Amino acid sequence: MKYKWKGSFLLIMLFYPLLHFGQERINWVSFEQLDSLMAVAPRETLLFIHTDWCSYCRKMEQEVFTKAEIVSRINSLYYAIKLDAESTQRITFDQSIWKPAWNGKRKGQYHPLALQLLHGRKMVFPSLFRFDHDFRLKNLQQKYLNSKQLNDFLE
């Protein structure tokens with residue numbers, strides 16, 4: 001019995017790293033972190049606006065944002081930010097404070113920063129923004145993008 005436990009423990013220790021092999025993740029940053037990162041090392045920014053109930057948003061997160069080539073490209077060339085459009089969190093960005101006037105999540109009540117970034121466009125999920133080094137909008141897609149389409153968007 002003593003040896004079975006040691007053997008099981010040894011097998012777990014040997015194979016545990018293999019469970020995490022190939023599961024690279026995008027290094028998502030917050031808007032607050034983006035301010036300081038852009039001051040030190042300017043890069044292009046990728047912004048992903050989503051909601052909890054959006055099935056295409058979840059599909060992108062699970063199927064597209066987990067592909068090794070996508071993860072590698074985004075992590076090496078972009079600062080990536082996720083914004084829940086229905087979030088109630090306070091966001092400090094670009095010397096401004098963005099806070100919804102309501103408490104608690106409400107479907108159809110969008111964060112003021114998400115509304116500001118859309119500049120009067122219709123709120124569609126998922127929305128992907130690509131900003132240049134000076135945080136000027138370069139490209140916008142308001143639909144589900146598969147990995148090939150996302151690669152083209154990032155070019």
# chains A, B, ... in the order shown; residues from 1 in each chain; ligands from 1
>>> residues_around(residues="Tyr79 in chain A", least_positions_apart="4", cutoff="8 Å", atoms="only C-alpha atoms", output="VMD selection string")
chain A and resid 27 to 29 34 43 to 46 74 to 75
>>> write_last_selection(atoms="C-alpha atoms", output="CSV table (one decimal), in the first residue's frame")
chain,number,residue,atom,x,y,z
A,27,ASN,CA,-1.8,38.3,-21.3
A,28,TRP,CA,-4.9,40.4,-20.7
A,29,VAL,CA,-4.2,43.8,-19.1
A,34,LEU,CA,-2.4,50.1,-20.2
A,43,ARG,CA,2.5,49.1,-28.7
A,44,GLU,CA,-0.7,48.6,-30.6
A,45,THR,CA,-3.7,47.7,-28.5
A,46,LEU,CA,-6.3,45.0,-29.1
A,74,ILE,CA,-1.2,39.0,-29.6
A,75,ASN,CA,1.2,38.6,-26.7
>>> residues_around(residues="range 86-89 of chain A", least_positions_apart="3", cutoff="8 Å", atoms="only C-alpha atoms", output="list in words")
Thr51, Leu83, Lys99, Pro100, Trp102, Asn103, Gly104, Lys105, Arg106, Lys107, Gly108, Gln109, Tyr110 and His111 of chain A
>>> write_last_selection(atoms="N, CA and C atoms", output="mmCIF file, in the first residue's frame")
data_model
loop_
_atom_site.group_PDB
_atom_site.id
_atom_site.type_symbol
_atom_site.label_atom_id
_atom_site.label_comp_id
_atom_site.auth_asym_id
_atom_site.auth_seq_id
_atom_site.Cartn_x
_atom_site.Cartn_y
_atom_site.Cartn_z
ATOM 1 N N THR A 51 -19.918 40.425 -23.533
ATOM 2 C CA THR A 51 -20.850 40.329 -22.412
ATOM 3 C C THR A 51 -20.865 38.886 -21.929
ATOM 4 N N LEU A 83 -13.110 43.952 -22.065
ATOM 5 C CA LEU A 83 -14.045 44.824 -21.367
ATOM 6 C C LEU A 83 -15.438 44.219 -21.452
ATOM 7 N N LYS A 99 -17.395 55.305 -14.730
ATOM 8 C CA LYS A 99 -18.183 54.528 -13.768
ATOM 9 C C LYS A 99 -19.647 54.585 -14.169
ATOM 10 N N PRO A 100 -20.299 53.426 -14.305
ATOM 11 C CA PRO A 100 -21.737 53.436 -14.594
ATOM 12 C C PRO A 100 -22.524 54.087 -13.461
ATOM 13 N N TRP A 102 -25.393 53.106 -12.415
ATOM 14 C CA TRP A 102 -26.229 52.115 -11.736
ATOM 15 C C TRP A 102 -25.353 51.102 -11.004
ATOM 16 N N ASN A 103 -25.974 50.409 -10.075
ATOM 17 C CA ASN A 103 -25.291 49.338 -9.340
ATOM 18 C C ASN A 103 -25.859 48.013 -9.800
ATOM 19 N N GLY A 104 -25.026 47.041 -9.940
ATOM 20 C CA GLY A 104 -25.463 45.714 -10.383
ATOM 21 C C GLY A 104 -25.573 45.650 -11.897
ATOM 22 N N LYS A 105 -25.256 44.480 -12.431
ATOM 23 C CA LYS A 105 -25.309 44.278 -13.880
ATOM 24 C C LYS A 105 -26.747 44.307 -14.366
ATOM 25 N N ARG A 106 -26.937 44.964 -15.498
ATOM 26 C CA ARG A 106 -28.242 45.013 -16.136
ATOM 27 C C ARG A 106 -28.056 44.775 -17.620
ATOM 28 N N LYS A 107 -28.778 43.821 -18.141
ATOM 29 C CA LYS A 107 -28.693 43.542 -19.567
ATOM 30 C C LYS A 107 -29.170 44.776 -20.346
ATOM 31 N N GLY A 108 -28.358 45.204 -21.284
ATOM 32 C CA GLY A 108 -28.703 46.364 -22.103
ATOM 33 C C GLY A 108 -28.234 47.693 -21.542
ATOM 34 N N GLN A 109 -27.671 47.700 -20.327
ATOM 35 C CA GLN A 109 -27.089 48.911 -19.745
ATOM 36 C C GLN A 109 -25.578 48.804 -19.903
ATOM 37 N N TYR A 110 -25.005 49.641 -20.754
ATOM 38 C CA TYR A 110 -23.608 49.481 -21.118
ATOM 39 C C TYR A 110 -22.702 50.457 -20.385
ATOM 40 N N HIS A 111 -21.504 49.990 -20.136
ATOM 41 C CA HIS A 111 -20.495 50.789 -19.448
ATOM 42 C C HIS A 111 -20.215 52.050 -20.271
#
>>> closest_residue(among="A:Leu113, A:Ala68, A:Leu77, A:Met60", to="His133 in chain A", atoms="only C-alpha atoms")
A:Leu77
>>> residues_around(residues="range 116-120 of chain A", least_positions_apart="3", cutoff="10 Å", atoms="only C-alpha atoms", output="list in words")
Leu47, Ile49, Trp98, His111, Pro112, Leu113, Met123, Val124, Ser127, Phe129, Leu137 and Leu140 of chain A
>>> write_last_selection(atoms="all heavy atoms", output="mmCIF file, in the first residue's frame")
data_model
loop_
_atom_site.group_PDB
_atom_site.id
_atom_site.type_symbol
_atom_site.label_atom_id
_atom_site.label_comp_id
_atom_site.auth_asym_id
_atom_site.auth_seq_id
_atom_site.Cartn_x
_atom_site.Cartn_y
_atom_site.Cartn_z
ATOM 1 N N LEU A 47 -8.573 45.515 -28.213
ATOM 2 C CA LEU A 47 -9.636 45.592 -27.216
ATOM 3 C C LEU A 47 -10.765 44.668 -27.627
ATOM 4 O O LEU A 47 -11.264 44.744 -28.746
ATOM 5 C CB LEU A 47 -10.144 47.034 -27.104
ATOM 6 C CG LEU A 47 -11.375 47.271 -26.234
ATOM 7 C CD1 LEU A 47 -11.105 46.902 -24.782
ATOM 8 C CD2 LEU A 47 -11.818 48.708 -26.343
ATOM 9 N N ILE A 49 -14.493 43.710 -26.598
ATOM 10 C CA ILE A 49 -15.683 44.056 -25.815
ATOM 11 C C ILE A 49 -16.677 42.903 -25.937
ATOM 12 O O ILE A 49 -17.009 42.481 -27.039
ATOM 13 C CB ILE A 49 -16.307 45.376 -26.278
ATOM 14 C CG1 ILE A 49 -15.313 46.532 -26.073
ATOM 15 C CG2 ILE A 49 -17.591 45.657 -25.509
ATOM 16 C CD1 ILE A 49 -15.847 47.893 -26.457
ATOM 17 N N TRP A 98 -14.245 56.324 -15.434
ATOM 18 C CA TRP A 98 -15.458 55.832 -16.088
ATOM 19 C C TRP A 98 -16.181 54.924 -15.115
ATOM 20 O O TRP A 98 -15.653 53.896 -14.711
ATOM 21 C CB TRP A 98 -15.087 55.064 -17.356
ATOM 22 C CG TRP A 98 -14.245 55.860 -18.278
ATOM 23 C CD1 TRP A 98 -12.883 55.943 -18.275
ATOM 24 C CD2 TRP A 98 -14.682 56.714 -19.326
ATOM 25 N NE1 TRP A 98 -12.460 56.786 -19.254
ATOM 26 C CE2 TRP A 98 -13.548 57.276 -19.930
ATOM 27 C CE3 TRP A 98 -15.947 57.057 -19.817
ATOM 28 C CZ2 TRP A 98 -13.619 58.153 -20.994
ATOM 29 C CZ3 TRP A 98 -16.019 57.924 -20.886
ATOM 30 C CH2 TRP A 98 -14.870 58.466 -21.456
ATOM 31 N N HIS A 111 -21.504 49.990 -20.136
ATOM 32 C CA HIS A 111 -20.495 50.789 -19.448
ATOM 33 C C HIS A 111 -20.215 52.050 -20.271
ATOM 34 O O HIS A 111 -20.104 51.990 -21.493
ATOM 35 C CB HIS A 111 -19.218 49.947 -19.287
ATOM 36 C CG HIS A 111 -18.279 50.493 -18.281
ATOM 37 N ND1 HIS A 111 -17.464 51.567 -18.541
ATOM 38 C CD2 HIS A 111 -18.034 50.123 -17.001
ATOM 39 C CE1 HIS A 111 -16.743 51.830 -17.474
ATOM 40 N NE2 HIS A 111 -17.070 50.966 -16.522
ATOM 41 N N PRO A 112 -20.085 53.211 -19.612
ATOM 42 C CA PRO A 112 -19.847 54.453 -20.354
ATOM 43 C C PRO A 112 -18.577 54.428 -21.208
ATOM 44 O O PRO A 112 -18.536 55.045 -22.271
ATOM 45 C CB PRO A 112 -19.754 55.526 -19.276
ATOM 46 C CG PRO A 112 -20.024 54.886 -17.982
ATOM 47 C CD PRO A 112 -20.240 53.427 -18.190
ATOM 48 N N LEU A 113 -17.544 53.706 -20.772
ATOM 49 C CA LEU A 113 -16.328 53.624 -21.573
ATOM 50 C C LEU A 113 -16.573 52.848 -22.861
ATOM 51 O O LEU A 113 -16.097 53.228 -23.930
ATOM 52 C CB LEU A 113 -15.184 52.997 -20.776
ATOM 53 C CG LEU A 113 -13.841 52.876 -21.493
ATOM 54 C CD1 LEU A 113 -13.362 54.223 -22.029
ATOM 55 C CD2 LEU A 113 -12.794 52.279 -20.581
ATOM 56 N N MET A 123 -24.088 48.934 -30.508
ATOM 57 C CA MET A 123 -23.395 47.979 -29.642
ATOM 58 C C MET A 123 -23.657 46.569 -30.162
ATOM 59 O O MET A 123 -24.788 46.089 -30.127
ATOM 60 C CB MET A 123 -23.904 48.125 -28.209
ATOM 61 C CG MET A 123 -23.118 47.371 -27.177
ATOM 62 S SD MET A 123 -21.450 47.967 -26.863
ATOM 63 C CE MET A 123 -21.738 49.491 -26.017
ATOM 64 N N VAL A 124 -22.615 45.928 -30.691
ATOM 65 C CA VAL A 124 -22.700 44.577 -31.237
ATOM 66 C C VAL A 124 -21.605 43.757 -30.576
ATOM 67 O O VAL A 124 -20.488 44.234 -30.395
ATOM 68 C CB VAL A 124 -22.510 44.587 -32.779
ATOM 69 C CG1 VAL A 124 -22.527 43.178 -33.338
ATOM 70 C CG2 VAL A 124 -23.558 45.456 -33.448
ATOM 71 N N SER A 127 -17.145 42.806 -30.096
ATOM 72 C CA SER A 127 -16.541 43.928 -30.823
ATOM 73 C C SER A 127 -15.043 43.889 -30.571
ATOM 74 O O SER A 127 -14.607 43.807 -29.428
ATOM 75 C CB SER A 127 -17.106 45.269 -30.349
ATOM 76 O OG SER A 127 -18.436 45.428 -30.746
ATOM 77 N N PHE A 129 -11.517 45.945 -31.324
ATOM 78 C CA PHE A 129 -10.901 47.199 -31.736
ATOM 79 C C PHE A 129 -9.401 46.986 -31.840
ATOM 80 O O PHE A 129 -8.810 46.336 -30.986
ATOM 81 C CB PHE A 129 -11.130 48.286 -30.684
ATOM 82 C CG PHE A 129 -12.548 48.700 -30.508
ATOM 83 C CD1 PHE A 129 -13.433 47.918 -29.781
ATOM 84 C CD2 PHE A 129 -13.002 49.891 -31.039
ATOM 85 C CE1 PHE A 129 -14.736 48.310 -29.594
ATOM 86 C CE2 PHE A 129 -14.306 50.296 -30.852
ATOM 87 C CZ PHE A 129 -15.176 49.509 -30.125
ATOM 88 N N LEU A 137 -7.887 54.676 -33.356
ATOM 89 C CA LEU A 137 -8.530 53.496 -33.926
ATOM 90 C C LEU A 137 -7.988 53.195 -35.320
ATOM 91 O O LEU A 137 -8.001 54.053 -36.196
ATOM 92 C CB LEU A 137 -10.047 53.708 -33.987
ATOM 93 C CG LEU A 137 -10.869 52.513 -34.441
ATOM 94 C CD1 LEU A 137 -10.712 51.343 -33.489
ATOM 95 C CD2 LEU A 137 -12.341 52.902 -34.560
ATOM 96 N N LEU A 140 -11.860 48.078 -36.732
ATOM 97 C CA LEU A 140 -12.939 47.651 -35.862
ATOM 98 C C LEU A 140 -13.718 46.551 -36.554
ATOM 99 O O LEU A 140 -14.048 46.672 -37.737
ATOM 100 C CB LEU A 140 -13.874 48.837 -35.557
ATOM 101 C CG LEU A 140 -15.218 48.536 -34.900
ATOM 102 C CD1 LEU A 140 -15.043 47.966 -33.504
ATOM 103 C CD2 LEU A 140 -16.069 49.797 -34.856
#
>>> closest_residue(among="A:Asn146, A:Asn139, A:Asn151, A:Ser96", to="Asp35 in chain A", atoms="only C-alpha atoms")
A:Ser96
>>> atom_distance(atom1="CA of Thr66 in chain A", atom2="CA of His50 in chain A")
16.3 Å
>>> residues_around(residues="Phe125 in chain A", least_positions_apart="4", cutoff="9 Å", atoms="only C-alpha atoms", output="compact mmCIF listing (two decimals) with all heavy atoms, in the first residue's frame")
# COMPACT_ATOMS: atom_id res chain seq x y z
N ILE A 49 -14.49 43.71 -26.60
CA ILE A 49 -15.68 44.06 -25.82
C ILE A 49 -16.68 42.90 -25.94
O ILE A 49 -17.01 42.48 -27.04
CB ILE A 49 -16.31 45.38 -26.28
CG1 ILE A 49 -15.31 46.53 -26.07
CG2 ILE A 49 -17.59 45.66 -25.51
CD1 ILE A 49 -15.85 47.89 -26.46
N HIS A 50 -17.13 42.43 -24.80
CA HIS A 50 -17.98 41.24 -24.74
C HIS A 50 -19.03 41.41 -23.66
O HIS A 50 -19.04 42.41 -22.93
CB HIS A 50 -17.13 40.00 -24.44
CG HIS A 50 -16.48 40.08 -23.10
ND1 HIS A 50 -17.04 39.51 -21.98
CD2 HIS A 50 -15.35 40.68 -22.69
CE1 HIS A 50 -16.27 39.74 -20.94
NE2 HIS A 50 -15.23 40.46 -21.34
N THR A 51 -19.92 40.43 -23.53
CA THR A 51 -20.85 40.33 -22.41
C THR A 51 -20.86 38.89 -21.93
O THR A 51 -20.39 37.99 -22.63
CB THR A 51 -22.29 40.72 -22.82
OG1 THR A 51 -22.75 39.80 -23.80
CG2 THR A 51 -22.37 42.14 -23.33
N CYS A 54 -23.23 36.59 -24.25
CA CYS A 54 -22.92 36.49 -25.69
C CYS A 54 -22.24 35.15 -26.01
O CYS A 54 -21.09 34.92 -25.62
CB CYS A 54 -22.04 37.65 -26.10
SG CYS A 54 -21.36 37.52 -27.76
N TYR A 56 -21.24 34.03 -28.95
CA TYR A 56 -20.13 34.20 -29.88
C TYR A 56 -18.89 34.74 -29.17
O TYR A 56 -17.77 34.40 -29.54
CB TYR A 56 -20.51 35.10 -31.05
CG TYR A 56 -21.46 34.43 -32.01
CD1 TYR A 56 -22.79 34.81 -32.09
CD2 TYR A 56 -21.02 33.39 -32.83
CE1 TYR A 56 -23.66 34.18 -32.97
CE2 TYR A 56 -21.88 32.76 -33.70
CZ TYR A 56 -23.20 33.15 -33.77
OH TYR A 56 -24.06 32.53 -34.63
N CYS A 57 -19.10 35.55 -28.15
CA CYS A 57 -17.97 36.04 -27.35
C CYS A 57 -17.28 34.88 -26.64
O CYS A 57 -16.05 34.76 -26.67
CB CYS A 57 -18.44 37.06 -26.31
SG CYS A 57 -19.26 38.51 -26.99
N ALA A 85 -19.01 44.78 -21.48
CA ALA A 85 -19.79 45.97 -21.79
C ALA A 85 -20.84 46.28 -20.72
O ALA A 85 -21.27 47.42 -20.60
CB ALA A 85 -20.47 45.81 -23.14
N GLN A 142 -17.12 44.09 -35.63
CA GLN A 142 -18.20 43.83 -34.68
C GLN A 142 -18.92 42.55 -35.06
O GLN A 142 -20.08 42.56 -35.46
CB GLN A 142 -19.16 45.01 -34.63
CG GLN A 142 -18.52 46.24 -34.03
CD GLN A 142 -19.51 47.35 -33.86
OE1 GLN A 142 -19.93 47.96 -34.83
NE2 GLN A 142 -19.88 47.62 -32.61
N LYS A 143 -18.20 41.45 -34.93
CA LYS A 143 -18.76 40.13 -35.23
C LYS A 143 -17.79 39.08 -34.73
O LYS A 143 -16.66 39.38 -34.36
CB LYS A 143 -18.99 39.96 -36.72
CG LYS A 143 -17.72 40.00 -37.56
CD LYS A 143 -18.00 39.80 -39.02
CE LYS A 143 -16.72 39.76 -39.83
NZ LYS A 143 -16.96 39.48 -41.22
N TYR A 144 -18.24 37.84 -34.75
CA TYR A 144 -17.37 36.71 -34.43
C TYR A 144 -16.32 36.58 -35.52
O TYR A 144 -16.62 36.65 -36.71
CB TYR A 144 -18.20 35.42 -34.35
CG TYR A 144 -17.36 34.18 -34.24
CD1 TYR A 144 -16.86 33.76 -33.02
CD2 TYR A 144 -17.04 33.43 -35.38
CE1 TYR A 144 -16.07 32.62 -32.92
CE2 TYR A 144 -16.26 32.30 -35.28
CZ TYR A 144 -15.78 31.90 -34.05
OH TYR A 144 -15.00 30.79 -33.96
>>> select_by_dssp(residues="chain A", states="strand (DSSP E or B)", output="short mmCIF file (atom, residue, chain, number, x, y, z; two decimals) with C-alpha atoms, in the first residue's frame")
data_model
loop_
_atom_site.label_atom_id
_atom_site.label_comp_id
_atom_site.auth_asym_id
_atom_site.auth_seq_id
_atom_site.Cartn_x
_atom_site.Cartn_y
_atom_site.Cartn_z
CA TRP A 28 -4.93 40.41 -20.74
CA VAL A 29 -4.25 43.76 -19.07
CA GLU A 44 -0.70 48.57 -30.61
CA THR A 45 -3.71 47.67 -28.48
CA LEU A 46 -6.35 45.03 -29.05
CA LEU A 47 -9.64 45.59 -27.22
CA PHE A 48 -12.24 42.84 -26.93
CA ILE A 49 -15.68 44.06 -25.82
CA HIS A 50 -17.98 41.24 -24.74
CA TYR A 78 -0.24 43.94 -28.72
CA TYR A 79 -1.52 44.95 -25.34
CA ALA A 80 -4.78 43.03 -25.04
CA ILE A 81 -7.74 44.26 -23.00
CA LYS A 82 -11.10 42.64 -22.29
CA LEU A 83 -14.05 44.82 -21.37
CA ASP A 84 -17.39 43.46 -20.23
CA ILE A 91 -12.21 52.24 -14.74
CA THR A 92 -9.49 54.87 -14.64
CA PHE A 93 -8.03 55.47 -18.07
CA SER A 96 -10.57 60.04 -16.76
CA ILE A 97 -12.74 57.94 -14.48
CA TRP A 98 -15.46 55.83 -16.09
CA SER A 127 -16.54 43.93 -30.82
CA LEU A 128 -12.82 43.95 -31.55
CA PHE A 129 -10.90 47.20 -31.74
CA ARG A 130 -7.36 47.62 -32.95
CA PHE A 131 -5.64 50.82 -31.85
CA LEU A 137 -8.53 53.50 -33.93
CA LYS A 138 -7.01 51.51 -36.81
CA ASN A 139 -9.64 48.84 -37.30
CA LEU A 140 -12.94 47.65 -35.86
CA GLN A 141 -14.83 44.40 -36.31
#
